[in-house]
Amino acid sequence: MSQAENHPQKGSRISADPITSLEDIEKVKAYLFKHPRNYAIFILAINTNLRIGDISKLTIGQVRNLSPGQDILLHEEKTGKQRRITMNHGVYKAIAPILKSLSGKADNEPLFQSEKTGKNLTVPTLSLLIKTWCRRAKIKGNHFSGHTTRKTFGFIQKQVFNTPTYLITKMFNHSSEETTLRYLGIQPEEIRSAYMKEI
């Protein structure tokens with residue numbers, strides 16, 4: 001895939017499928033388990049709803065001394081707003097080996113580094129990696145992209161964990177619950193029920 005193909009044209013609608021089941025998430029985890037950096041990227045992404053642009057810019061110092069329940073502080077690349085993302089136990093365990101391997105590095109160096117250059121992984125590279133992981137793990141879905149992990153977070157929170165929509169909307173910093181449901185491809189129950197009524 002060329003870099004041009006990996007970038008949507010300006011003004012085009014970004015479409016991506018979420019991973020819609022815990023079983024499929026486990027398939028991706030199993031595929032990535034022997035590659036600590038990629039495993040940590042995936043676990044962080046599906047547990048935080050961070051955009052891949054923000055993941056690519058994370059530094060060692062932003063997570064180095066954090067424990068589960070503490071917050072990762074960052075400024076969103078897209079909005080410029082400060083965000084606080086609470087680190088759960090899964091993320092903590094996934095990034096621990098990465099931090100150990102980078103123990104001699106400075107705080108301002110990238111957390112997720114290219115194995116070739118040592119620089120931060122770019123957005124096109126992360127997007128291509130996510131597509132590759134989903135395809136090779138043979139999970140359900142037709143279109144995967146860099147938005148897949150962010151949408152997976154919201155979809156699983158809503159459909160599996162029953163997290164209230166207003167909380168997911170707040171976590172995504174969306175303007176309305178309707179926007180959040182549309183982003184996740186979820187039909188509100190009231191609309192679904194109306195369609196089920198026979199005339």
# chains A, B, ... in the order shown; residues from 1 in each chain; ligands from 1
call {"tool": "select_by_dssp", "arguments": {"residues": "stretch 28-154 of chain A", "states": "strand (DSSP E)", "output": "PyMOL selection string"}}
result
chain A and resi 71-75+82-86
call {"tool": "write_last_selection", "arguments": {"atoms": "all heavy atoms", "output": "PDB file, in the first residue's frame"}}
result
ATOM      1  N   ASP A  71      -3.178   9.290  35.735  1.00  0.00           N
ATOM      2  CA  ASP A  71      -3.545   9.835  34.431  1.00  0.00           C
ATOM      3  C   ASP A  71      -2.352  10.144  33.546  1.00  0.00           C
ATOM      4  O   ASP A  71      -1.355  10.719  34.007  1.00  0.00           O
ATOM      5  CB  ASP A  71      -4.354  11.126  34.601  1.00  0.00           C
ATOM      6  CG  ASP A  71      -5.715  10.877  35.234  1.00  0.00           C
ATOM      7  OD1 ASP A  71      -6.174   9.725  35.218  1.00  0.00           O
ATOM      8  OD2 ASP A  71      -6.314  11.846  35.744  1.00  0.00           O
ATOM      9  N   ILE A  72      -2.500   9.808  32.261  1.00  0.00           N
ATOM     10  CA  ILE A  72      -1.584  10.272  31.225  1.00  0.00           C
ATOM     11  C   ILE A  72      -2.074  11.655  30.809  1.00  0.00           C
ATOM     12  O   ILE A  72      -3.243  11.830  30.472  1.00  0.00           O
ATOM     13  CB  ILE A  72      -1.601   9.331  30.006  1.00  0.00           C
ATOM     14  CG1 ILE A  72      -1.242   7.900  30.414  1.00  0.00           C
ATOM     15  CG2 ILE A  72      -0.655   9.837  28.914  1.00  0.00           C
ATOM     16  CD1 ILE A  72      -1.485   6.868  29.315  1.00  0.00           C
ATOM     17  N   LEU A  73      -1.197  12.638  30.852  1.00  0.00           N
ATOM     18  CA  LEU A  73      -1.561  14.004  30.460  1.00  0.00           C
ATOM     19  C   LEU A  73      -0.990  14.294  29.079  1.00  0.00           C
ATOM     20  O   LEU A  73       0.184  14.038  28.818  1.00  0.00           O
ATOM     21  CB  LEU A  73      -1.006  15.020  31.459  1.00  0.00           C
ATOM     22  CG  LEU A  73      -1.496  14.895  32.908  1.00  0.00           C
ATOM     23  CD1 LEU A  73      -0.822  15.949  33.781  1.00  0.00           C
ATOM     24  CD2 LEU A  73      -3.001  15.031  32.985  1.00  0.00           C
ATOM     25  N   LEU A  74      -1.813  14.836  28.197  1.00  0.00           N
ATOM     26  CA  LEU A  74      -1.346  15.184  26.861  1.00  0.00           C
ATOM     27  C   LEU A  74      -2.210  16.276  26.268  1.00  0.00           C
ATOM     28  O   LEU A  74      -3.314  16.535  26.742  1.00  0.00           O
ATOM     29  CB  LEU A  74      -1.371  13.954  25.944  1.00  0.00           C
ATOM     30  CG  LEU A  74      -2.743  13.394  25.573  1.00  0.00           C
ATOM     31  CD1 LEU A  74      -2.691  12.771  24.191  1.00  0.00           C
ATOM     32  CD2 LEU A  74      -3.167  12.319  26.576  1.00  0.00           C
ATOM     33  N   HIS A  75      -1.702  16.899  25.236  1.00  0.00           N
ATOM     34  CA  HIS A  75      -2.472  17.853  24.455  1.00  0.00           C
ATOM     35  C   HIS A  75      -2.837  17.164  23.143  1.00  0.00           C
ATOM     36  O   HIS A  75      -1.961  16.693  22.423  1.00  0.00           O
ATOM     37  CB  HIS A  75      -1.672  19.133  24.186  1.00  0.00           C
ATOM     38  CG  HIS A  75      -1.617  20.051  25.363  1.00  0.00           C
ATOM     39  ND1 HIS A  75      -0.647  19.945  26.343  1.00  0.00           N
ATOM     40  CD2 HIS A  75      -2.435  21.078  25.739  1.00  0.00           C
ATOM     41  CE1 HIS A  75      -0.862  20.879  27.261  1.00  0.00           C
ATOM     42  NE2 HIS A  75      -1.929  21.566  26.930  1.00  0.00           N
ATOM     43  N   GLN A  82      -6.036  19.960  26.364  1.00  0.00           N
ATOM     44  CA  GLN A  82      -5.391  19.020  27.267  1.00  0.00           C
ATOM     45  C   GLN A  82      -6.358  17.900  27.611  1.00  0.00           C
ATOM     46  O   GLN A  82      -7.553  18.125  27.810  1.00  0.00           O
ATOM     47  CB  GLN A  82      -4.936  19.705  28.556  1.00  0.00           C
ATOM     48  CG  GLN A  82      -4.111  18.780  29.446  1.00  0.00           C
ATOM     49  CD  GLN A  82      -3.637  19.431  30.723  1.00  0.00           C
ATOM     50  OE1 GLN A  82      -4.455  19.838  31.540  1.00  0.00           O
ATOM     51  NE2 GLN A  82      -2.330  19.549  30.881  1.00  0.00           N
ATOM     52  N   ARG A  83      -5.840  16.683  27.655  1.00  0.00           N
ATOM     53  CA  ARG A  83      -6.659  15.534  28.040  1.00  0.00           C
ATOM     54  C   ARG A  83      -5.981  14.768  29.156  1.00  0.00           C
ATOM     55  O   ARG A  83      -4.757  14.738  29.266  1.00  0.00           O
ATOM     56  CB  ARG A  83      -6.863  14.581  26.850  1.00  0.00           C
ATOM     57  CG  ARG A  83      -7.831  15.093  25.820  1.00  0.00           C
ATOM     58  CD  ARG A  83      -8.284  13.988  24.909  1.00  0.00           C
ATOM     59  NE  ARG A  83      -9.080  12.984  25.620  1.00  0.00           N
ATOM     60  CZ  ARG A  83      -9.446  11.821  25.084  1.00  0.00           C
ATOM     61  NH1 ARG A  83      -9.090  11.510  23.862  1.00  0.00           N
ATOM     62  NH2 ARG A  83     -10.174  10.975  25.773  1.00  0.00           N
ATOM     63  N   ARG A  84      -6.816  14.163  29.975  1.00  0.00           N
ATOM     64  CA  ARG A  84      -6.335  13.278  31.034  1.00  0.00           C
ATOM     65  C   ARG A  84      -6.925  11.900  30.742  1.00  0.00           C
ATOM     66  O   ARG A  84      -8.136  11.741  30.684  1.00  0.00           O
ATOM     67  CB  ARG A  84      -6.810  13.762  32.407  1.00  0.00           C
ATOM     68  CG  ARG A  84      -6.396  15.168  32.751  1.00  0.00           C
ATOM     69  CD  ARG A  84      -6.957  15.599  34.098  1.00  0.00           C
ATOM     70  NE  ARG A  84      -6.254  14.957  35.182  1.00  0.00           N
ATOM     71  CZ  ARG A  84      -5.207  15.478  35.816  1.00  0.00           C
ATOM     72  NH1 ARG A  84      -4.752  16.661  35.471  1.00  0.00           N
ATOM     73  NH2 ARG A  84      -4.616  14.833  36.796  1.00  0.00           N
ATOM     74  N   ILE A  85      -6.059  10.922  30.541  1.00  0.00           N
ATOM     75  CA  ILE A  85      -6.471   9.555  30.227  1.00  0.00           C
ATOM     76  C   ILE A  85      -6.016   8.652  31.360  1.00  0.00           C
ATOM     77  O   ILE A  85      -4.819   8.541  31.635  1.00  0.00           O
ATOM     78  CB  ILE A  85      -5.838   9.069  28.905  1.00  0.00           C
ATOM     79  CG1 ILE A  85      -6.188   9.998  27.748  1.00  0.00           C
ATOM     80  CG2 ILE A  85      -6.235   7.628  28.613  1.00  0.00           C
ATOM     81  CD1 ILE A  85      -7.621   9.946  27.317  1.00  0.00           C
ATOM     82  N   THR A  86      -6.947   8.029  32.041  1.00  0.00           N
ATOM     83  CA  THR A  86      -6.600   7.166  33.168  1.00  0.00           C
ATOM     84  C   THR A  86      -6.017   5.845  32.672  1.00  0.00           C
ATOM     85  O   THR A  86      -6.606   5.176  31.821  1.00  0.00           O
ATOM     86  CB  THR A  86      -7.831   6.899  34.045  1.00  0.00           C
ATOM     87  OG1 THR A  86      -8.370   8.153  34.474  1.00  0.00           O
ATOM     88  CG2 THR A  86      -7.460   6.061  35.271  1.00  0.00           C
TER      89      THR A  86
END
call {"tool": "residues_around", "arguments": {"residues": "A:Thr152", "least_positions_apart": "2", "cutoff": "7 Å", "atoms": "only C-alpha atoms", "output": "VMD selection string"}}
result
chain A and resid 18 to 20 46 148 to 150 154 to 156
call {"tool": "residues_around", "arguments": {"residues": "A:Thr79", "least_positions_apart": "6", "cutoff": "12 Å", "atoms": "only C-alpha atoms", "output": "PDB file with C-alpha atoms, in the first residue's frame"}}
result
ATOM      1  CA  ARG A  51      -6.183   8.981  18.159  1.00  0.00           C
ATOM      2  CA  GLY A  53      -1.683  10.847  15.990  1.00  0.00           C
ATOM      3  CA  ASP A  54      -1.605  11.307  19.759  1.00  0.00           C
ATOM      4  CA  PHE A 172     -14.644  11.246  22.892  1.00  0.00           C
ATOM      5  CA  ASN A 173     -15.220  14.988  23.368  1.00  0.00           C
ATOM      6  CA  HIS A 174     -18.115  14.790  20.888  1.00  0.00           C
TER       7      HIS A 174
END
call {"tool": "residues_around", "arguments": {"residues": "A:Ile168", "least_positions_apart": "4", "cutoff": "12 Å", "atoms": "only C-alpha atoms", "output": "list in words"}}
result
Thr48, Asn49, Arg150, Lys151, Thr152, Phe153, Gly154, Phe155, Ile156, Gln157, Lys158, Gln159, Phe161, Asn162, Thr163, Pro164, Phe172, Asn173, His174, Ser175, Ser176, Glu177, Glu178, Thr179, Thr180, Leu181, Tyr183 and Leu184 of chain A
call {"tool": "write_last_selection", "arguments": {"atoms": "N, CA, C and O atoms", "output": "tab-separated table (two decimals), in the first residue's frame"}}
result
chain	number	residue	atom	x	y	z
A	48	THR	N	-7.95	3.43	25.63
A	48	THR	CA	-7.88	4.86	25.92
A	48	THR	C	-8.64	5.75	24.94
A	48	THR	O	-8.84	6.93	25.21
A	49	ASN	N	-9.02	5.24	23.78
A	49	ASN	CA	-9.65	6.00	22.69
A	49	ASN	C	-8.77	7.12	22.13
A	49	ASN	O	-9.26	8.03	21.47
A	150	ARG	N	-9.78	3.29	18.04
A	150	ARG	CA	-10.56	4.32	18.75
A	150	ARG	C	-12.05	3.95	18.74
A	150	ARG	O	-12.74	4.05	19.76
A	151	LYS	N	-12.53	3.50	17.59
A	151	LYS	CA	-13.93	3.08	17.50
A	151	LYS	C	-14.17	1.81	18.32
A	151	LYS	O	-15.25	1.63	18.89
A	152	THR	N	-13.19	0.94	18.37
A	152	THR	CA	-13.31	-0.29	19.16
A	152	THR	C	-13.54	0.05	20.63
A	152	THR	O	-14.40	-0.55	21.29
A	153	PHE	N	-12.78	1.02	21.14
A	153	PHE	CA	-12.96	1.45	22.53
A	153	PHE	C	-14.42	1.82	22.79
A	153	PHE	O	-15.04	1.34	23.73
A	154	GLY	N	-14.96	2.70	21.94
A	154	GLY	CA	-16.33	3.17	22.15
A	154	GLY	C	-17.36	2.08	21.97
A	154	GLY	O	-18.32	1.99	22.75
A	155	PHE	N	-17.17	1.24	20.96
A	155	PHE	CA	-18.14	0.17	20.69
A	155	PHE	C	-18.20	-0.82	21.85
A	155	PHE	O	-19.30	-1.19	22.31
A	156	ILE	N	-17.05	-1.24	22.33
A	156	ILE	CA	-17.02	-2.22	23.43
A	156	ILE	C	-17.55	-1.59	24.71
A	156	ILE	O	-18.29	-2.23	25.49
A	157	GLN	N	-17.19	-0.33	24.97
A	157	GLN	CA	-17.73	0.34	26.16
A	157	GLN	C	-19.26	0.36	26.13
A	157	GLN	O	-19.91	0.09	27.15
A	158	LYS	N	-19.82	0.66	24.96
A	158	LYS	CA	-21.27	0.79	24.84
A	158	LYS	C	-21.98	-0.56	24.80
A	158	LYS	O	-22.93	-0.81	25.55
A	159	GLN	N	-21.55	-1.43	23.91
A	159	GLN	CA	-22.29	-2.66	23.63
A	159	GLN	C	-21.95	-3.82	24.55
A	159	GLN	O	-22.77	-4.71	24.75
A	161	PHE	N	-19.82	-3.37	27.77
A	161	PHE	CA	-19.75	-2.93	29.17
A	161	PHE	C	-20.96	-2.09	29.59
A	161	PHE	O	-21.08	-1.74	30.76
A	162	ASN	N	-21.84	-1.74	28.63
A	162	ASN	CA	-23.03	-0.93	28.92
A	162	ASN	C	-22.70	0.42	29.56
A	162	ASN	O	-23.47	0.93	30.39
A	163	THR	N	-21.58	1.00	29.18
A	163	THR	CA	-21.24	2.34	29.64
A	163	THR	C	-22.25	3.32	29.06
A	163	THR	O	-22.55	3.26	27.86
A	164	PRO	N	-22.83	4.22	29.88
A	164	PRO	CA	-23.81	5.17	29.35
A	164	PRO	C	-23.25	5.99	28.19
A	164	PRO	O	-22.09	6.40	28.22
A	172	PHE	N	-15.02	10.95	24.27
A	172	PHE	CA	-14.64	11.25	22.89
A	172	PHE	C	-14.61	12.75	22.61
A	172	PHE	O	-14.15	13.17	21.55
A	173	ASN	N	-15.12	13.54	23.55
A	173	ASN	CA	-15.22	14.99	23.37
A	173	ASN	C	-16.09	15.32	22.15
A	173	ASN	O	-15.81	16.26	21.40
A	174	HIS	N	-17.16	14.53	21.96
A	174	HIS	CA	-18.11	14.79	20.89
A	174	HIS	C	-19.14	15.83	21.33
A	174	HIS	O	-19.34	16.04	22.53
A	175	SER	N	-19.81	16.44	20.35
A	175	SER	CA	-20.78	17.49	20.66
A	175	SER	C	-22.12	16.94	21.13
A	175	SER	O	-22.88	17.64	21.79
A	176	SER	N	-22.43	15.69	20.80
A	176	SER	CA	-23.72	15.11	21.19
A	176	SER	C	-23.64	13.60	21.23
A	176	SER	O	-22.74	12.99	20.62
A	177	GLU	N	-24.60	12.98	21.93
A	177	GLU	CA	-24.68	11.52	21.97
A	177	GLU	C	-24.98	10.97	20.58
A	177	GLU	O	-24.49	9.90	20.21
A	178	GLU	N	-25.77	11.70	19.81
A	178	GLU	CA	-26.10	11.26	18.45
A	178	GLU	C	-24.83	11.15	17.60
A	178	GLU	O	-24.65	10.20	16.84
A	179	THR	N	-23.92	12.12	17.76
A	179	THR	CA	-22.66	12.09	17.03
A	179	THR	C	-21.85	10.86	17.41
A	179	THR	O	-21.27	10.19	16.54
A	180	THR	N	-21.83	10.55	18.69
A	180	THR	CA	-21.07	9.39	19.16
A	180	THR	C	-21.64	8.09	18.59
A	180	THR	O	-20.88	7.25	18.10
A	181	LEU	N	-22.96	7.93	18.66
A	181	LEU	CA	-23.57	6.70	18.14
A	181	LEU	C	-23.35	6.57	16.64
A	181	LEU	O	-23.10	5.47	16.13
A	183	TYR	N	-20.81	7.83	14.95
A	183	TYR	CA	-19.38	7.54	14.78
A	183	TYR	C	-19.11	6.06	14.99
A	183	TYR	O	-18.31	5.44	14.28
A	184	LEU	N	-19.80	5.47	15.96
A	184	LEU	CA	-19.59	4.06	16.28
A	184	LEU	C	-20.42	3.12	15.42
A	184	LEU	O	-20.25	1.90	15.49
call {"tool": "residues_around", "arguments": {"residues": "A:Val28", "least_positions_apart": "2", "cutoff": "9 Å", "atoms": "only C-alpha atoms", "output": "list in words"}}
result
Asp24, Ile25, Glu26, Ala30, Tyr31, Leu32, Phe33, Tyr39, Phe42, Trp133, Cys134, Arg136, Ala137, Lys138 and Ile139 of chain A
call {"tool": "write_last_selection", "arguments": {"atoms": "N, CA, C and O atoms", "output": "PDB file, in the first residue's frame"}}
result
ATOM      1  N   ASP A  24     -12.754 -11.352  19.119  1.00  0.00           N
ATOM      2  CA  ASP A  24     -11.883 -10.868  18.047  1.00  0.00           C
ATOM      3  C   ASP A  24     -10.721 -10.045  18.597  1.00  0.00           C
ATOM      4  O   ASP A  24      -9.608 -10.084  18.067  1.00  0.00           O
ATOM      5  N   ILE A  25     -10.972  -9.297  19.660  1.00  0.00           N
ATOM      6  CA  ILE A  25      -9.885  -8.552  20.304  1.00  0.00           C
ATOM      7  C   ILE A  25      -8.822  -9.522  20.812  1.00  0.00           C
ATOM      8  O   ILE A  25      -7.616  -9.283  20.659  1.00  0.00           O
ATOM      9  N   GLU A  26      -9.263 -10.632  21.387  1.00  0.00           N
ATOM     10  CA  GLU A  26      -8.311 -11.640  21.876  1.00  0.00           C
ATOM     11  C   GLU A  26      -7.492 -12.235  20.734  1.00  0.00           C
ATOM     12  O   GLU A  26      -6.317 -12.577  20.915  1.00  0.00           O
ATOM     13  N   ALA A  30      -3.480 -12.162  20.681  1.00  0.00           N
ATOM     14  CA  ALA A  30      -2.695 -13.395  20.516  1.00  0.00           C
ATOM     15  C   ALA A  30      -1.697 -13.241  19.370  1.00  0.00           C
ATOM     16  O   ALA A  30      -0.543 -13.695  19.468  1.00  0.00           O
ATOM     17  N   TYR A  31      -2.140 -12.605  18.285  1.00  0.00           N
ATOM     18  CA  TYR A  31      -1.257 -12.403  17.145  1.00  0.00           C
ATOM     19  C   TYR A  31      -0.076 -11.500  17.512  1.00  0.00           C
ATOM     20  O   TYR A  31       1.052 -11.702  17.050  1.00  0.00           O
ATOM     21  N   LEU A  32      -0.316 -10.499  18.364  1.00  0.00           N
ATOM     22  CA  LEU A  32       0.708  -9.505  18.687  1.00  0.00           C
ATOM     23  C   LEU A  32       1.548  -9.837  19.916  1.00  0.00           C
ATOM     24  O   LEU A  32       2.550  -9.166  20.165  1.00  0.00           O
ATOM     25  N   PHE A  33       1.165 -10.850  20.654  1.00  0.00           N
ATOM     26  CA  PHE A  33       1.732 -11.072  21.982  1.00  0.00           C
ATOM     27  C   PHE A  33       3.268 -11.190  21.989  1.00  0.00           C
ATOM     28  O   PHE A  33       3.923 -10.758  22.929  1.00  0.00           O
ATOM     29  N   TYR A  39       2.111  -4.977  20.628  1.00  0.00           N
ATOM     30  CA  TYR A  39       1.104  -5.382  21.601  1.00  0.00           C
ATOM     31  C   TYR A  39       0.735  -4.197  22.495  1.00  0.00           C
ATOM     32  O   TYR A  39      -0.441  -3.926  22.744  1.00  0.00           O
ATOM     33  N   PHE A  42      -1.435  -1.615  20.669  1.00  0.00           N
ATOM     34  CA  PHE A  42      -2.819  -2.069  20.524  1.00  0.00           C
ATOM     35  C   PHE A  42      -3.583  -1.959  21.843  1.00  0.00           C
ATOM     36  O   PHE A  42      -4.706  -1.439  21.891  1.00  0.00           O
ATOM     37  N   TRP A 133      -2.629  -5.976  11.380  1.00  0.00           N
ATOM     38  CA  TRP A 133      -2.961  -6.820  12.530  1.00  0.00           C
ATOM     39  C   TRP A 133      -4.354  -7.415  12.399  1.00  0.00           C
ATOM     40  O   TRP A 133      -4.558  -8.610  12.637  1.00  0.00           O
ATOM     41  N   CYS A 134      -5.323  -6.582  12.028  1.00  0.00           N
ATOM     42  CA  CYS A 134      -6.709  -7.048  11.915  1.00  0.00           C
ATOM     43  C   CYS A 134      -6.852  -8.092  10.807  1.00  0.00           C
ATOM     44  O   CYS A 134      -7.546  -9.094  10.972  1.00  0.00           O
ATOM     45  N   ARG A 136      -4.456 -10.069   9.511  1.00  0.00           N
ATOM     46  CA  ARG A 136      -3.742 -11.316   9.806  1.00  0.00           C
ATOM     47  C   ARG A 136      -4.360 -12.094  10.959  1.00  0.00           C
ATOM     48  O   ARG A 136      -4.215 -13.310  11.043  1.00  0.00           O
ATOM     49  N   ALA A 137      -5.045 -11.380  11.862  1.00  0.00           N
ATOM     50  CA  ALA A 137      -5.758 -12.075  12.938  1.00  0.00           C
ATOM     51  C   ALA A 137      -7.093 -12.632  12.459  1.00  0.00           C
ATOM     52  O   ALA A 137      -7.776 -13.342  13.193  1.00  0.00           O
ATOM     53  N   LYS A 138      -7.465 -12.289  11.216  1.00  0.00           N
ATOM     54  CA  LYS A 138      -8.668 -12.809  10.565  1.00  0.00           C
ATOM     55  C   LYS A 138      -9.938 -12.510  11.365  1.00  0.00           C
ATOM     56  O   LYS A 138     -10.754 -13.386  11.634  1.00  0.00           O
ATOM     57  N   ILE A 139     -10.072 -11.234  11.725  1.00  0.00           N
ATOM     58  CA  ILE A 139     -11.258 -10.845  12.486  1.00  0.00           C
ATOM     59  C   ILE A 139     -12.334 -10.311  11.544  1.00  0.00           C
ATOM     60  O   ILE A 139     -12.061  -9.962  10.399  1.00  0.00           O
TER      61      ILE A 139
END
call {"tool": "atom_distance", "arguments": {"atom1": "atom CA of A:Asn88", "atom2": "atom CA of A:Lys29"}}
result
16.6 Å
call {"tool": "residues_around", "arguments": {"residues": "A:Met87", "least_positions_apart": "4", "cutoff": "7 Å", "atoms": "only C-alpha atoms", "output": "list in words"}}
result
Pro68, Gly69, Gln70, Asp71, Ile72, Val91 and Tyr92 of chain A
call {"tool": "closest_residue", "arguments": {"among": "A:Gly104, A:Gly118, A:Gly90, A:Gly185", "to": "A:Ile41", "atoms": "only C-alpha atoms"}}
result
A:Gly90
call {"tool": "closest_residue", "arguments": {"among": "A:Ala16, A:Leu50, A:Ser56, A:Ile43", "to": "A:Lys119", "atoms": "only C-alpha atoms"}}
result
A:Ser56
call {"tool": "atom_distance", "arguments": {"atom1": "atom CA of A:Val63", "atom2": "atom CA of A:Glu23"}}
result
28.4 Å
call {"tool": "select_by_dssp", "arguments": {"residues": "chain A", "states": "helix (DSSP H, G or I)", "output": "VMD selection string"}}
result
chain A and resid 22 to 32 36 to 48 52 to 56 60 to 63 89 to 101 123 to 136 148 to 159 165 to 172 177 to 184 189 to 196
call {"tool": "closest_residue", "arguments": {"among": "A:Asn38, A:Thr169, A:Ser67, A:Thr125", "to": "A:Leu111", "atoms": "only C-alpha atoms"}}
result
A:Asn38
call {"tool": "atom_distance", "arguments": {"atom1": "atom CA of A:Arg37", "atom2": "atom CA of A:Phe112"}}
result
6.8 Å
call {"tool": "closest_residue", "arguments": {"among": "A:Asn47, A:Thr132, A:Gln62, A:Ser21", "to": "A:Ala106", "atoms": "only C-alpha atoms"}}
result
A:Gln62
call {"tool": "decode", "arguments": {"residues": "stretch 114-121 of chain A", "atoms": "all heavy atoms", "output": "PDB file, in the first residue's frame"}}
result
ATOM      1  N   SER A 114      10.438   3.558  16.021  1.00  0.00           N
ATOM      2  CA  SER A 114      10.728   2.737  14.853  1.00  0.00           C
ATOM      3  C   SER A 114      11.949   1.875  15.153  1.00  0.00           C
ATOM      4  O   SER A 114      12.945   2.366  15.694  1.00  0.00           O
ATOM      5  CB  SER A 114      11.003   3.632  13.644  1.00  0.00           C
ATOM      6  OG  SER A 114      11.631   2.900  12.621  1.00  0.00           O
ATOM      7  N   GLU A 115      11.861   0.601  14.796  1.00  0.00           N
ATOM      8  CA  GLU A 115      12.990  -0.295  15.032  1.00  0.00           C
ATOM      9  C   GLU A 115      14.168   0.058  14.132  1.00  0.00           C
ATOM     10  O   GLU A 115      15.311  -0.278  14.438  1.00  0.00           O
ATOM     11  CB  GLU A 115      12.555  -1.746  14.816  1.00  0.00           C
ATOM     12  CG  GLU A 115      11.556  -2.204  15.875  1.00  0.00           C
ATOM     13  CD  GLU A 115      10.857  -3.506  15.507  1.00  0.00           C
ATOM     14  OE1 GLU A 115      10.967  -3.933  14.336  1.00  0.00           O
ATOM     15  OE2 GLU A 115      10.198  -4.082  16.383  1.00  0.00           O
ATOM     16  N   LYS A 116      13.895   0.746  13.024  1.00  0.00           N
ATOM     17  CA  LYS A 116      14.966   1.110  12.092  1.00  0.00           C
ATOM     18  C   LYS A 116      15.617   2.434  12.454  1.00  0.00           C
ATOM     19  O   LYS A 116      16.838   2.570  12.416  1.00  0.00           O
ATOM     20  CB  LYS A 116      14.417   1.185  10.664  1.00  0.00           C
ATOM     21  CG  LYS A 116      14.004  -0.164  10.093  1.00  0.00           C
ATOM     22  CD  LYS A 116      13.496   0.000   8.662  1.00  0.00           C
ATOM     23  CE  LYS A 116      13.077  -1.353   8.084  1.00  0.00           C
ATOM     24  NZ  LYS A 116      12.536  -1.220   6.701  1.00  0.00           N
ATOM     25  N   THR A 117      14.793   3.428  12.799  1.00  0.00           N
ATOM     26  CA  THR A 117      15.330   4.784  12.985  1.00  0.00           C
ATOM     27  C   THR A 117      15.407   5.238  14.442  1.00  0.00           C
ATOM     28  O   THR A 117      16.140   6.167  14.763  1.00  0.00           O
ATOM     29  CB  THR A 117      14.466   5.811  12.227  1.00  0.00           C
ATOM     30  OG1 THR A 117      13.162   5.868  12.850  1.00  0.00           O
ATOM     31  CG2 THR A 117      14.314   5.429  10.756  1.00  0.00           C
ATOM     32  N   GLY A 118      14.629   4.605  15.313  1.00  0.00           N
ATOM     33  CA  GLY A 118      14.580   5.041  16.700  1.00  0.00           C
ATOM     34  C   GLY A 118      13.682   6.243  16.914  1.00  0.00           C
ATOM     35  O   GLY A 118      13.500   6.708  18.033  1.00  0.00           O
ATOM     36  N   LYS A 119      13.111   6.769  15.824  1.00  0.00           N
ATOM     37  CA  LYS A 119      12.188   7.900  15.922  1.00  0.00           C
ATOM     38  C   LYS A 119      10.771   7.396  16.169  1.00  0.00           C
ATOM     39  O   LYS A 119      10.493   6.204  16.071  1.00  0.00           O
ATOM     40  CB  LYS A 119      12.254   8.732  14.641  1.00  0.00           C
ATOM     41  CG  LYS A 119      13.616   9.385  14.422  1.00  0.00           C
ATOM     42  CD  LYS A 119      13.622  10.218  13.159  1.00  0.00           C
ATOM     43  CE  LYS A 119      14.981  10.878  12.952  1.00  0.00           C
ATOM     44  NZ  LYS A 119      15.027  11.686  11.704  1.00  0.00           N
ATOM     45  N   ASN A 120       9.861   8.340  16.464  1.00  0.00           N
ATOM     46  CA  ASN A 120       8.485   7.934  16.733  1.00  0.00           C
ATOM     47  C   ASN A 120       7.847   7.364  15.467  1.00  0.00           C
ATOM     48  O   ASN A 120       8.144   7.795  14.343  1.00  0.00           O
ATOM     49  CB  ASN A 120       7.659   9.105  17.263  1.00  0.00           C
ATOM     50  CG  ASN A 120       7.569  10.261  16.278  1.00  0.00           C
ATOM     51  OD1 ASN A 120       8.586  10.840  15.916  1.00  0.00           O
ATOM     52  ND2 ASN A 120       6.369  10.589  15.866  1.00  0.00           N
ATOM     53  N   LEU A 121       6.958   6.382  15.651  1.00  0.00           N
ATOM     54  CA  LEU A 121       6.220   5.816  14.535  1.00  0.00           C
ATOM     55  C   LEU A 121       5.266   6.876  13.988  1.00  0.00           C
ATOM     56  O   LEU A 121       4.602   7.573  14.753  1.00  0.00           O
ATOM     57  CB  LEU A 121       5.433   4.591  14.985  1.00  0.00           C
ATOM     58  CG  LEU A 121       6.265   3.386  15.429  1.00  0.00           C
ATOM     59  CD1 LEU A 121       5.357   2.324  16.054  1.00  0.00           C
ATOM     60  CD2 LEU A 121       7.033   2.798  14.259  1.00  0.00           C
TER      61      LEU A 121
END
